[in-house]
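Participant: So I've got this file, input01.txt, and it contains compact mmCIF, C-alpha atoms and all ligand atoms:
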# COMPACT_ATOMS: atom_id res chain seq x y z
CA MET A 215 52.58 25.90 35.07
CA THR A 216 49.61 28.20 35.18
CA THR A 217 49.52 30.15 38.38
CA ALA A 218 46.14 30.92 39.80
CA PRO A 219 45.72 34.13 41.81
CA PRO A 220 45.47 33.83 45.63
CA THR A 221 41.80 34.81 45.75
CA MET A 222 38.79 34.54 43.49
CA ARG A 223 35.26 35.80 43.07
CA ALA A 224 32.49 33.44 44.15
CA VAL A 225 28.73 33.38 44.67
CA ARG A 226 26.76 31.89 47.54
CA LEU A 227 22.99 31.56 47.91
CA PRO A 228 21.97 32.55 51.45
CA GLY A 229 18.23 31.94 50.82
CA GLY A 230 15.36 34.42 50.58
CA SER A 231 15.98 34.73 46.81
CA ARG A 232 19.27 36.50 47.43
CA VAL A 233 22.66 36.14 45.80
CA GLU A 234 25.78 36.86 47.84
CA HIS A 235 29.04 37.87 46.14
CA VAL A 236 32.16 36.98 48.11
CA THR A 237 35.92 36.80 47.67
CA VAL A 238 37.49 33.54 48.83
CA PRO A 239 40.91 31.87 48.60
CA VAL A 240 41.67 29.85 45.48
CA PRO A 241 41.98 26.25 46.73
CA GLU A 242 45.00 24.05 46.06
CA PRO A 243 44.47 20.56 44.66
CA GLY A 244 45.18 17.77 47.13
CA HIS A 245 45.82 14.11 46.36
CA GLY A 246 43.76 12.97 43.38
CA GLN A 247 42.29 16.43 42.84
CA VAL A 248 42.49 19.01 40.08
CA LEU A 249 41.94 22.76 40.01
CA LEU A 250 39.76 24.00 37.16
CA ARG A 251 39.37 27.48 35.78
CA VAL A 252 35.60 27.61 35.42
CA GLU A 253 34.40 28.55 31.94
CA ALA A 254 30.66 27.89 32.23
CA SER A 255 28.35 27.21 35.19
CA SER A 256 24.67 26.81 34.47
CA ILE A 257 21.69 27.13 36.80
CA CYS A 258 19.55 24.05 37.46
CA GLY A 259 15.91 23.88 38.52
CA SER A 260 16.98 22.28 41.78
CA ASP A 261 19.16 25.32 42.60
CA ILE A 262 15.99 27.40 42.45
CA ARG A 263 13.68 24.87 44.13
CA ALA A 264 15.88 23.83 47.06
CA ILE A 265 18.46 26.62 47.57
CA TYR A 266 17.80 30.03 46.03
CA ARG A 267 14.30 30.70 47.34
CA GLU A 268 14.76 28.85 50.61
CA HIS A 269 17.11 26.19 51.88
CA LEU A 270 14.56 23.38 51.70
CA GLY A 271 16.71 20.36 51.14
CA GLU A 272 17.66 17.60 53.49
CA GLY A 273 20.24 14.83 53.12
CA PRO A 274 21.67 14.98 49.59
CA GLU A 275 19.81 18.24 48.98
CA ALA A 276 20.97 20.02 52.14
CA TYR A 277 22.79 23.19 51.08
CA GLN A 278 25.67 23.89 53.40
CA GLY A 279 26.53 27.49 52.58
CA VAL A 280 29.18 26.58 50.00
CA VAL A 281 29.95 28.28 46.67
CA ALA A 282 26.84 27.57 44.59
CA GLY A 283 26.51 25.95 41.17
CA HIS A 284 26.44 22.22 40.43
CA GLU A 285 26.76 22.34 36.64
CA PRO A 286 30.38 23.35 36.10
CA CYS A 287 32.65 22.97 33.10
CA GLY A 288 36.18 24.29 32.78
CA GLN A 289 39.83 23.78 32.04
CA VAL A 290 42.41 22.11 34.26
CA VAL A 291 45.01 24.62 35.49
CA ALA A 292 46.67 22.60 38.25
CA VAL A 293 46.94 18.88 39.01
CA GLY A 294 47.40 17.48 42.53
CA PRO A 295 49.68 14.57 43.41
CA GLY A 296 48.43 11.10 42.53
CA CYS A 297 46.34 12.13 39.51
CA LEU A 298 46.41 9.43 36.85
CA ARG A 299 44.88 10.87 33.73
CA LEU A 300 44.32 14.60 33.61
CA ALA A 301 46.87 17.26 32.69
CA GLU A 302 46.91 21.03 32.61
CA GLY A 303 44.94 22.36 29.69
CA ASP A 304 42.40 19.51 29.61
CA ARG A 305 38.81 20.66 29.13
CA VAL A 306 36.52 18.76 31.46
CA VAL A 307 32.91 18.27 32.49
CA VAL A 308 32.43 17.62 36.20
CA TYR A 309 30.06 14.86 37.31
CA HIS A 310 28.78 17.01 40.12
CA ILE A 311 28.75 14.55 43.02
CA ALA A 312 31.77 12.95 44.62
CA GLY A 313 30.97 9.78 46.55
CA CYS A 314 32.88 7.37 48.77
CA GLY A 315 33.84 5.22 45.79
CA MET A 316 33.21 2.05 47.82
CA CYS A 317 29.44 1.56 48.25
CA ASP A 318 27.08 -0.18 45.81
CA GLU A 319 25.89 3.07 44.25
CA CYS A 320 29.42 4.40 43.79
CA ARG A 321 30.52 1.05 42.34
CA ARG A 322 27.74 1.43 39.78
CA GLY A 323 28.98 4.93 38.95
CA TYR A 324 25.95 6.61 40.53
CA ALA A 325 27.70 8.63 43.21
CA VAL A 326 24.47 10.64 43.37
CA GLY A 327 23.03 7.76 45.40
CA CYS A 328 26.02 7.35 47.74
CA HIS A 329 24.86 7.17 51.37
CA SER A 330 28.24 7.54 53.01
CA SER A 331 29.27 10.60 54.98
CA PHE A 332 31.93 11.22 52.31
CA ARG A 333 29.30 12.04 49.70
CA ALA A 334 29.39 15.70 48.69
CA ALA A 335 27.78 17.43 45.72
CA HIS A 336 29.32 20.54 44.21
CA GLY A 337 27.14 23.54 44.95
CA TRP A 338 25.41 21.72 47.83
CA GLN A 339 27.96 20.33 50.29
CA ARG A 340 31.23 21.26 48.56
CA ASP A 341 32.18 24.34 46.60
CA GLY A 342 30.55 24.60 43.18
CA GLY A 343 31.00 26.28 39.83
CA HIS A 344 29.84 29.84 40.54
CA ALA A 345 33.46 30.93 41.11
CA ASP A 346 36.50 31.65 38.99
CA TYR A 347 38.09 28.35 40.06
CA LEU A 348 36.80 24.96 41.21
CA LEU A 349 38.46 22.13 43.09
CA ALA A 350 37.29 18.73 41.78
CA GLU A 351 38.18 15.08 42.23
CA GLU A 352 39.97 13.74 39.17
CA GLU A 353 37.58 10.76 39.12
CA SER A 354 34.59 13.13 38.87
CA CYS A 355 36.01 14.75 35.71
CA ILE A 356 35.19 13.65 32.18
CA LEU A 357 37.09 14.95 29.16
CA LEU A 358 35.03 17.33 27.05
CA PRO A 359 35.28 16.41 23.35
CA GLU A 360 36.88 19.07 21.16
CA ALA A 361 33.69 19.59 19.17
CA LEU A 362 31.67 20.63 22.23
CA THR A 363 31.73 24.01 23.96
CA PHE A 364 32.16 24.70 27.67
CA VAL A 365 28.48 25.65 27.82
CA ASP A 366 27.56 22.31 26.20
CA GLY A 367 29.65 20.62 28.89
CA ALA A 368 28.04 22.52 31.76
CA LEU A 369 24.60 21.51 30.53
CA VAL A 370 25.59 17.85 30.37
CA SER A 371 26.97 17.85 33.93
CA CYS A 372 23.46 17.68 35.37
CA GLY A 373 20.44 18.48 33.18
CA PHE A 374 21.28 16.70 29.92
CA GLY A 375 22.80 13.80 31.83
CA THR A 376 19.56 13.49 33.81
CA ALA A 377 17.47 13.59 30.64
CA TYR A 378 19.67 10.99 28.93
CA GLU A 379 19.42 8.63 31.89
CA GLY A 380 15.62 8.86 31.90
CA LEU A 381 15.55 7.99 28.20
CA LEU A 382 17.96 5.08 28.71
CA ARG A 383 15.70 3.81 31.49
CA ALA A 384 12.79 3.91 29.00
CA GLU A 385 14.92 2.25 26.30
CA VAL A 386 13.79 4.84 23.76
CA SER A 387 14.31 3.80 20.15
CA GLY A 388 12.99 4.35 16.64
CA ARG A 389 9.92 2.29 17.54
CA ASP A 390 8.71 4.95 19.93
CA ARG A 391 6.74 8.15 20.02
CA LEU A 392 7.66 10.34 22.96
CA LEU A 393 5.62 12.58 25.23
CA VAL A 394 7.52 15.05 27.43
CA THR A 395 5.59 16.80 30.21
CA GLY A 396 7.39 19.94 31.42
CA LEU A 397 9.55 21.85 28.94
CA GLY A 398 11.99 23.45 31.33
CA PRO A 399 15.67 22.80 30.62
CA VAL A 400 15.48 19.06 31.45
CA GLY A 401 12.33 18.69 29.35
CA LEU A 402 13.97 20.45 26.40
CA ALA A 403 16.98 18.14 26.82
CA THR A 404 14.69 15.08 26.92
CA ALA A 405 12.99 16.16 23.70
CA MET A 406 16.32 16.79 21.95
CA LEU A 407 18.00 13.56 23.05
CA GLY A 408 14.84 11.48 22.65
CA ARG A 409 14.67 12.41 18.99
CA ALA A 410 18.38 11.70 18.56
CA MET A 411 17.83 8.26 20.09
CA GLY A 412 15.17 7.59 17.49
CA ALA A 413 11.77 8.74 18.75
CA THR A 414 9.78 9.38 15.59
CA THR A 415 7.33 11.89 17.06
CA VAL A 416 7.96 14.17 20.02
CA ILE A 417 5.04 15.86 21.80
CA GLY A 418 5.79 18.45 24.48
CA LEU A 419 3.49 19.91 27.16
CA ASP A 420 4.15 22.96 29.32
CA PRO A 421 1.75 25.58 30.70
CA SER A 422 4.22 28.31 29.73
CA VAL A 423 3.50 29.50 26.19
CA GLU A 424 7.07 30.87 25.99
CA ARG A 425 8.58 27.49 26.76
CA VAL A 426 6.39 25.71 24.22
CA ARG A 427 7.35 28.32 21.62
CA LEU A 428 11.03 27.85 22.41
CA ALA A 429 10.74 24.06 22.04
CA GLU A 430 8.96 24.50 18.70
CA HIS A 431 11.37 27.18 17.52
CA LEU A 432 14.34 24.91 18.24
CA GLY A 433 12.62 22.05 16.40
CA LEU A 434 12.74 19.88 19.52
CA VAL A 435 9.04 18.99 19.47
CA ASP A 436 6.74 18.14 16.57
CA VAL A 437 3.70 19.15 18.57
CA GLY A 438 3.82 21.70 21.41
CA VAL A 439 0.87 22.05 23.78
CA SER A 440 0.41 24.74 26.43
CA ASP A 441 -3.25 24.08 27.28
CA PRO A 442 -3.43 20.71 29.09
CA GLY A 443 -7.08 20.46 28.03
CA THR A 444 -6.03 20.03 24.41
CA LEU A 445 -3.28 17.45 25.00
CA ALA A 446 -5.58 14.42 24.65
CA ASP A 447 -6.60 15.52 21.15
CA ALA A 448 -2.98 16.21 20.20
CA VAL A 449 -1.84 12.77 21.38
CA THR A 450 -4.80 11.07 19.68
CA GLU A 451 -4.03 12.83 16.43
CA SER A 452 -0.31 12.04 16.53
CA THR A 453 -0.64 8.41 17.59
CA GLY A 454 -3.90 7.27 16.04
CA GLY A 455 -5.46 7.19 19.48
CA LEU A 456 -2.95 4.68 20.88
CA GLY A 457 -0.88 6.94 23.15
CA CYS A 458 2.88 7.42 23.23
CA GLU A 459 5.11 4.40 23.67
CA VAL A 460 7.24 6.48 26.04
CA ALA A 461 6.34 9.41 28.31
CA VAL A 462 8.82 11.28 30.50
CA ASP A 463 7.68 13.72 33.18
CA CYS A 464 10.22 16.49 33.67
CA SER A 465 7.92 18.82 35.59
CA GLY A 466 7.53 17.29 39.04
CA ASN A 467 3.95 18.52 38.89
CA ALA A 468 1.26 16.12 40.21
CA SER A 469 -1.21 16.55 37.38
CA ALA A 470 1.54 16.44 34.72
CA ARG A 471 2.72 13.13 36.17
CA GLU A 472 -0.78 11.75 35.95
CA THR A 473 -1.04 13.12 32.41
CA ALA A 474 2.23 11.44 31.38
CA LEU A 475 0.98 8.08 32.64
CA ARG A 476 -2.47 8.56 31.11
CA HIS A 477 -1.03 9.13 27.65
CA THR A 478 1.48 6.29 27.81
CA ARG A 479 0.45 3.54 25.40
CA ALA A 480 -0.46 0.10 26.77
CA TRP A 481 2.76 -1.86 27.39
CA GLY A 482 4.69 1.42 27.19
CA ARG A 483 7.20 2.99 29.55
CA CYS A 484 6.77 6.07 31.70
CA VAL A 485 9.63 7.77 33.54
CA TYR A 486 9.44 10.30 36.38
CA VAL A 487 12.45 12.60 36.30
CA GLY A 488 10.99 15.86 37.66
CA GLU A 489 11.64 16.12 41.40
CA GLY A 490 9.59 16.89 44.50
CA GLY A 491 5.90 16.81 45.32
CA THR A 492 3.49 13.90 45.09
CA VAL A 493 1.19 12.16 42.61
CA THR A 494 -2.16 10.43 42.74
CA PHE A 495 -3.49 8.22 39.96
CA ALA A 496 -5.95 5.42 39.31
CA VAL A 497 -3.56 2.52 39.69
CA SER A 498 -5.65 -0.15 37.94
CA ASP A 499 -6.78 1.99 35.03
CA LEU A 500 -3.56 3.81 34.31
CA LEU A 501 -0.83 1.43 35.37
CA ILE A 502 -1.78 -2.20 36.02
CA HIS A 503 -4.35 -2.80 33.28
CA LYS A 504 -2.17 -0.98 30.76
CA GLN A 505 0.83 -3.17 31.68
CA ILE A 506 3.01 -0.08 31.98
CA ARG A 507 6.56 0.04 33.29
CA LEU A 508 6.91 3.11 35.52
CA HIS A 509 10.45 4.21 36.35
CA GLY A 510 12.02 6.72 38.66
CA SER A 511 15.34 8.08 37.46
CA TRP A 512 17.78 10.28 39.37
CA VAL A 513 20.67 12.07 37.61
CA THR A 514 22.96 9.62 35.77
CA SER A 515 26.21 7.69 36.10
CA VAL A 516 29.71 8.90 35.26
CA LEU A 517 29.89 6.33 32.46
CA HIS A 518 26.57 7.33 30.92
CA MET A 519 27.63 10.97 31.06
CA GLU A 520 30.83 10.10 29.23
CA GLN A 521 28.87 8.12 26.62
CA LEU A 522 26.45 11.02 26.17
CA LEU A 523 29.32 13.43 25.44
CA GLU A 524 30.67 11.05 22.80
CA GLN A 525 27.25 10.63 21.21
CA LEU A 526 26.50 14.35 21.13
CA VAL A 527 29.50 14.74 18.82
CA ARG A 528 28.29 11.95 16.52
CA TRP A 529 24.76 13.34 16.54
CA ASP A 530 26.17 16.82 15.85
CA LEU A 531 24.06 18.22 18.69
CA HIS A 532 24.89 21.15 20.94
CA PRO A 533 23.00 21.29 24.24
CA GLU A 534 23.80 25.00 24.42
CA VAL A 535 21.02 25.76 21.92
CA VAL A 536 18.60 25.60 24.86
CA VAL A 537 20.46 28.44 26.62
CA THR A 538 18.40 31.61 26.29
CA HIS A 539 20.26 33.78 28.81
CA ARG A 540 24.01 34.15 29.44
CA TYR A 541 25.42 36.25 32.26
CA ARG A 542 28.80 37.04 33.76
CA LEU A 543 29.49 35.98 37.34
CA ASP A 544 28.99 39.55 38.59
CA GLN A 545 25.47 39.41 37.08
CA ALA A 546 24.47 36.30 39.04
CA ASP A 547 21.59 38.17 40.75
CA GLU A 548 19.90 38.78 37.41
CA ALA A 549 20.71 35.24 36.24
CA TYR A 550 18.88 33.76 39.24
CA ARG A 551 15.94 36.15 38.89
CA VAL A 552 15.45 35.07 35.28
CA ALA A 553 15.87 31.37 36.06
CA ASP A 554 13.36 31.67 38.92
CA ALA A 555 10.72 33.25 36.67
CA GLY A 556 10.34 29.85 34.95
CA GLU A 557 9.71 31.21 31.48
CA SER A 558 13.19 31.02 30.03
CA GLY A 559 15.23 28.25 28.55
CA LYS A 560 18.49 27.45 30.28
CA VAL A 561 20.34 30.22 32.13
CA CYS A 562 24.13 29.99 32.18
CA ILE A 563 26.94 31.96 33.81
CA VAL A 564 29.85 32.20 31.38
CA TRP A 565 33.43 33.46 31.47
CA GLU A 566 34.21 33.40 27.77
CA ASP A 567 33.36 36.55 25.81
ZN ZN A 601 20.88 19.84 38.69
ZN ZN A 602 29.49 5.69 47.97
Take the structure in the file and give it back as structure tokens.
Ligand SMILES: [Zn+2]
Ligand SMILES: [Zn+2]
Facilitator:
Amino acid sequence: MTTAPPTMRAVRLPGGSRVEHVTVPVPEPGHGQVLLRVEASSICGSDIRAIYREHLGEGPEAYQGVVAGHEPCGQVVAVGPGCLRLAEGDRVVVYHIAGCGMCDECRRGYAVGCHSSFRAAHGWQRDGGHADYLLAEEESCILLPEALTFVDGALVSCGFGTAYEGLLRAEVSGRDRLLVTGLGPVGLATAMLGRAMGATTVIGLDPSVERVRLAEHLGLVDVGVSDPGTLADAVTESTGGLGCEVAVDCSGNASARETALRHTRAWGRCVYVGEGGTVTFAVSDLLIHKQIRLHGSWVTSVLHMEQLLEQLVRWDLHPEVVVTHRYRLDQADEAYRVADAGESGKVCIVWED
């Protein structure tokens, strides 16, 4: 039996772009719960948008002063009574929201959409991964395949899972060319997974030259565009003027959303994954007369996350290639500063050397 120490280091986000380092008790697993030693805990765009700068969120995005971090991955060190599957030593990814288990959304595996008062997301309403240990529900945990690293697992627990779900919604296949607007971490994930799912050409748009360079350098996009004014020519050239069969907006930016729809081919599919804000577009011209299917897609299901992990191994893909900055927990201030600047790839807090 591994014994955890009585206290641990943890990080909270009090708002005002500050990071607070605290020492808190190490929790004990209750019925159906496991205690994980955290090995990787990455930073998500929504941590920046709704918590770090200011506590903007409401409902499912209301931050309640807990230990931050909703992309955790670690190793089981203690198992509570009533656990059915996990054992000490298991490496697990945590689907980062625990729901009531009883409502329609939970029954579908999308605890993210649970409306019950029992719903709690790690790093938002229950303690998250920016700590040495994490208490998780066994049913939220998914075994991490041997071939994947803890950092790979952390990235799947929100960002890559979200990207995968958007691509599933669009039914991406080898018949499709893919446009990704916004090349932050979710956009990079969408480009990587979209190609693995068969997209023959991947075009990426982001106003940050650094992000476009990173996507090109990693071979995730065939065509990278940082000047929106040149995108039309790039899409025309790559698709013979037809547009992309699938477009996924990962930016949440109003004009990028319009752009994604504009460059979706007639009868194609467009998915909005990037959160927040609004959009305005010419409904007849861009949607109705082009017979386009427009989807919204929020996070993913536990099952799809499990399937993604299995497929990453078969595809021989490592999400961690999009990580450009790794920090220790005591460097969380710097980690958040870099993530907030919006010019990096993924930023991850790691415990391994
Ligand atoms: Zn997230
Ligand atoms: Zn529920």
Participant: Got a sec: who's within 8 Å of A:Ser255, counting all atoms listed in the file, leaving out chain neighbours fewer than 6 positions off, as number ranges by chain?
Facilitator: A: 283-287, 343-344, 365, 368, 562-564
Participant: Please produce, as JSON lines, a per-residue contact table for chain A versus ligand ZN 601 (chain A) (criterion: any atom at most 10 Å away, all atoms listed in the file considered), showing the nearest atom pair and its distance in Å to one decimal, sorted by chain then residue number.
Facilitator:
{"residue": "A:Ser256", "atom": "CA", "partner": "A:ZN601", "partner_atom": "ZN", "distance": 9.0}
{"residue": "A:Ile257", "atom": "CA", "partner": "A:ZN601", "partner_atom": "ZN", "distance": 7.6}
{"residue": "A:Cys258", "atom": "CA", "partner": "A:ZN601", "partner_atom": "ZN", "distance": 4.6}
{"residue": "A:Gly259", "atom": "CA", "partner": "A:ZN601", "partner_atom": "ZN", "distance": 6.4}
{"residue": "A:Ser260", "atom": "CA", "partner": "A:ZN601", "partner_atom": "ZN", "distance": 5.5}
{"residue": "A:Asp261", "atom": "CA", "partner": "A:ZN601", "partner_atom": "ZN", "distance": 6.9}
{"residue": "A:Ile262", "atom": "CA", "partner": "A:ZN601", "partner_atom": "ZN", "distance": 9.8}
{"residue": "A:Gly283", "atom": "CA", "partner": "A:ZN601", "partner_atom": "ZN", "distance": 8.7}
{"residue": "A:His284", "atom": "CA", "partner": "A:ZN601", "partner_atom": "ZN", "distance": 6.3}
{"residue": "A:Glu285", "atom": "CA", "partner": "A:ZN601", "partner_atom": "ZN", "distance": 6.7}
{"residue": "A:His310", "atom": "CA", "partner": "A:ZN601", "partner_atom": "ZN", "distance": 8.5}
{"residue": "A:Gly337", "atom": "CA", "partner": "A:ZN601", "partner_atom": "ZN", "distance": 9.6}
{"residue": "A:Leu369", "atom": "CA", "partner": "A:ZN601", "partner_atom": "ZN", "distance": 9.1}
{"residue": "A:Val370", "atom": "CA", "partner": "A:ZN601", "partner_atom": "ZN", "distance": 9.8}
{"residue": "A:Ser371", "atom": "CA", "partner": "A:ZN601", "partner_atom": "ZN", "distance": 8.0}
{"residue": "A:Cys372", "atom": "CA", "partner": "A:ZN601", "partner_atom": "ZN", "distance": 4.7}
{"residue": "A:Gly373", "atom": "CA", "partner": "A:ZN601", "partner_atom": "ZN", "distance": 5.7}
{"residue": "A:Phe374", "atom": "CA", "partner": "A:ZN601", "partner_atom": "ZN", "distance": 9.3}
{"residue": "A:Gly375", "atom": "CA", "partner": "A:ZN601", "partner_atom": "ZN", "distance": 9.3}
{"residue": "A:Thr376", "atom": "CA", "partner": "A:ZN601", "partner_atom": "ZN", "distance": 8.1}
{"residue": "A:Val400", "atom": "CA", "partner": "A:ZN601", "partner_atom": "ZN", "distance": 9.1}
{"residue": "A:Val513", "atom": "CA", "partner": "A:ZN601", "partner_atom": "ZN", "distance": 7.8}
Participant: May I have the selected residues written with C-alpha atoms, as an mmCIF file, keeping the file's coordinate frame?
Facilitator:
data_model
loop_
_atom_site.group_PDB
_atom_site.id
_atom_site.type_symbol
_atom_site.label_atom_id
_atom_site.label_comp_id
_atom_site.auth_asym_id
_atom_site.auth_seq_id
_atom_site.Cartn_x
_atom_site.Cartn_y
_atom_site.Cartn_z
ATOM 1 C CA SER A 256 24.670 26.810 34.470
ATOM 2 C CA ILE A 257 21.690 27.130 36.800
ATOM 3 C CA CYS A 258 19.550 24.050 37.460
ATOM 4 C CA GLY A 259 15.910 23.880 38.520
ATOM 5 C CA SER A 260 16.980 22.280 41.780
ATOM 6 C CA ASP A 261 19.160 25.320 42.600
ATOM 7 C CA ILE A 262 15.990 27.400 42.450
ATOM 8 C CA GLY A 283 26.510 25.950 41.170
ATOM 9 C CA HIS A 284 26.440 22.220 40.430
ATOM 10 C CA GLU A 285 26.760 22.340 36.640
ATOM 11 C CA HIS A 310 28.780 17.010 40.120
ATOM 12 C CA GLY A 337 27.140 23.540 44.950
ATOM 13 C CA LEU A 369 24.600 21.510 30.530
ATOM 14 C CA VAL A 370 25.590 17.850 30.370
ATOM 15 C CA SER A 371 26.970 17.850 33.930
ATOM 16 C CA CYS A 372 23.460 17.680 35.370
ATOM 17 C CA GLY A 373 20.440 18.480 33.180
ATOM 18 C CA PHE A 374 21.280 16.700 29.920
ATOM 19 C CA GLY A 375 22.800 13.800 31.830
ATOM 20 C CA THR A 376 19.560 13.490 33.810
ATOM 21 C CA VAL A 400 15.480 19.060 31.450
ATOM 22 C CA VAL A 513 20.670 12.070 37.610
#
Participant: Neighbouring residues of ligand ZN 602 (chain A) are defined here as those with any atom at most 6 Å from a ligand atom, counting all atoms listed in the file; list them as a list in words.
Facilitator: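 Selection of residues at most 6 Å from ligand ZN 602 (chain A): Gly313, Cys314, Gly315, Met316, Cys317, Glu319, Cys320, Ala325, Cys328, His329 and Ser330 of chain A.
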Participant: What residues have an atom no more than 10 Å from (27.2, 31.9, 45.9) in the file's own frame, counting all atoms listed in the file, and can you write them as a PyMOL selection string?
Facilitator: chain A and resi 223-228+232-236+266+279-283+337+341-345+543+546-547
Participant: Quick one: of A:Ser498, A:Thr453, A:Thr363, A:Ser558, who's nearest to A:Arg479, counting all atoms listed in the file?
Facilitator: A:Thr453
Participant: Using all atoms listed in the file, find all polymer residues with an atom at most 8 Å away from the point (41.0, 31.6, 46.5); report them as a tab-separated table (two decimals) with C-alpha atoms, keeping the file's coordinate frame.
Facilitator:
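Once everything was written out, this is point04.tsv:
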chain	number	residue	atom	x	y	z
A	219	PRO	CA	45.72	34.13	41.81
A	220	PRO	CA	45.47	33.83	45.63
A	221	THR	CA	41.80	34.81	45.75
A	222	MET	CA	38.79	34.54	43.49
A	223	ARG	CA	35.26	35.80	43.07
A	237	THR	CA	35.92	36.80	47.67
A	238	VAL	CA	37.49	33.54	48.83
A	239	PRO	CA	40.91	31.87	48.60
A	240	VAL	CA	41.67	29.85	45.48
A	241	PRO	CA	41.98	26.25	46.73
A	347	TYR	CA	38.09	28.35	40.06
Participant: To one decimal place, how far is atom CA of A:Thr217 from atom CA of A:Leu348 in Å?
Facilitator: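 Separating atom CA of A:Thr217 from atom CA of A:Leu348 is a distance of 14.0 Å.
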Participant: May I have the residues within 12 Å of A:Thr450 as a VMD selection string, using all atoms listed in the file and disregarding those fewer than 2 positions away in the same chain?
Facilitator: chain A and resid 391 393 417 437 444 to 448 452 to 458 476 to 479
Participant: Which residues come within 9 Å of A:Arg305, counting all atoms listed in the file, excluding same-chain residues fewer than 2 positions away, as a PyMOL selection string?
Facilitator: chain A and resi 250+287-290+302-303+307+356-360+364
Participant: With distances taken over all atoms listed in the file, which of A:Arg383, A:Lys504, A:Arg427, A:His269 is nearest to A:Leu402?
Facilitator: A:Arg427
Participant: Choose the residue, out of A:Gly294, A:Asp346, A:Leu475, A:Ser511, that has the smallest atom-to-atom separation from A:Trp565; count all atoms listed in the file.
Facilitator: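 That would be A:Asp346, the residue with the smallest distance to A:Trp565.
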Participant: In Å, with one decimal, what is the gap from atom CA of A:His509 to atom CA of A:Arg263?
Facilitator: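 Computing the Euclidean distance for atom CA of A:His509 and atom CA of A:Arg263 yields 22.3 Å.
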Participant: Using only C-alpha atoms, which residue out of A:Gln521, A:Asn467, A:Gln278, A:Ser354 lies closest to A:Val306?
Facilitator: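 For A:Val306, the nearest of the candidates is A:Ser354.
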Participant: To one decimal in Å, tell me the separation between atom CA of A:Val426 and atom CA of A:Gly438.
Facilitator: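 Distance between the two atoms: 5.5 Å.
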Participant: Counting all atoms listed in the file, which residue out of A:His532, A:Arg542, A:Arg389, A:Arg551 sits closest to A:Gly482?
Facilitator: A:Arg389
Participant: Under the rule that only C-alpha atoms are counted, which of A:Gln339, A:Thr404, A:Gln505, A:Gln247 is the nearest residue to A:Ser465?
Facilitator: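 Smallest distance to A:Ser465 is found for A:Thr404.
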Participant: Within 7 Å of A:Ala384, counting all atoms listed in the file, which residues qualify if same-chain residues fewer than 6 places away don't, as a VMD selection string?
Facilitator: chain A and resid 460 483 to 485
Participant: So which residues touch A:Leu522 within 10 Å, counting all atoms listed in the file, skipping near sequence neighbours fewer than 2 positions away, as a CSV table (one decimal) with C-alpha atoms, in the coordinates of the input?
Facilitator:
chain,number,residue,atom,x,y,z
A,370,VAL,CA,25.6,17.8,30.4
A,374,PHE,CA,21.3,16.7,29.9
A,375,GLY,CA,22.8,13.8,31.8
A,378,TYR,CA,19.7,11.0,28.9
A,379,GLU,CA,19.4,8.6,31.9
A,407,LEU,CA,18.0,13.6,23.0
A,516,VAL,CA,29.7,8.9,35.3
A,517,LEU,CA,29.9,6.3,32.5
A,518,HIS,CA,26.6,7.3,30.9
A,519,MET,CA,27.6,11.0,31.1
A,520,GLU,CA,30.8,10.1,29.2
A,524,GLU,CA,30.7,11.0,22.8
A,525,GLN,CA,27.2,10.6,21.2
A,526,LEU,CA,26.5,14.4,21.1
A,527,VAL,CA,29.5,14.7,18.8
A,528,ARG,CA,28.3,12.0,16.5
Participant: When you get a chance, write out N, CA and C atoms for stretch 508-517 of chain A, as a PDB file, in the frame of the given file.
Facilitator:
ATOM      1  N   LEU A 508       6.714   1.747  35.007  1.00  0.00           N
ATOM      2  CA  LEU A 508       6.910   3.110  35.520  1.00  0.00           C
ATOM      3  C   LEU A 508       8.254   3.184  36.234  1.00  0.00           C
ATOM      4  N   HIS A 509       9.105   4.098  35.778  1.00  0.00           N
ATOM      5  CA  HIS A 509      10.450   4.210  36.350  1.00  0.00           C
ATOM      6  C   HIS A 509      10.636   5.531  37.083  1.00  0.00           C
ATOM      7  N   GLY A 510      11.438   5.503  38.124  1.00  0.00           N
ATOM      8  CA  GLY A 510      12.020   6.720  38.660  1.00  0.00           C
ATOM      9  C   GLY A 510      13.458   6.780  38.192  1.00  0.00           C
ATOM     10  N   SER A 511      13.966   7.973  37.950  1.00  0.00           N
ATOM     11  CA  SER A 511      15.340   8.080  37.460  1.00  0.00           C
ATOM     12  C   SER A 511      15.983   9.333  38.024  1.00  0.00           C
ATOM     13  N   TRP A 512      17.128   9.162  38.665  1.00  0.00           N
ATOM     14  CA  TRP A 512      17.780  10.280  39.370  1.00  0.00           C
ATOM     15  C   TRP A 512      19.184  10.512  38.804  1.00  0.00           C
ATOM     16  N   VAL A 513      19.380  11.677  38.203  1.00  0.00           N
ATOM     17  CA  VAL A 513      20.670  12.070  37.610  1.00  0.00           C
ATOM     18  C   VAL A 513      21.160  10.954  36.679  1.00  0.00           C
ATOM     19  N   THR A 514      22.441  10.643  36.677  1.00  0.00           N
ATOM     20  CA  THR A 514      22.960   9.620  35.770  1.00  0.00           C
ATOM     21  C   THR A 514      24.249   9.083  36.371  1.00  0.00           C
ATOM     22  N   SER A 515      24.927   8.215  35.627  1.00  0.00           N
ATOM     23  CA  SER A 515      26.210   7.690  36.100  1.00  0.00           C
ATOM     24  C   SER A 515      27.359   8.402  35.371  1.00  0.00           C
ATOM     25  N   VAL A 516      28.541   8.297  35.918  1.00  0.00           N
ATOM     26  CA  VAL A 516      29.710   8.900  35.260  1.00  0.00           C
ATOM     27  C   VAL A 516      29.882   8.297  33.865  1.00  0.00           C
ATOM     28  N   LEU A 517      29.705   6.994  33.753  1.00  0.00           N
ATOM     29  CA  LEU A 517      29.890   6.330  32.460  1.00  0.00           C
ATOM     30  C   LEU A 517      28.852   6.798  31.438  1.00  0.00           C
TER      31      LEU A 517
END
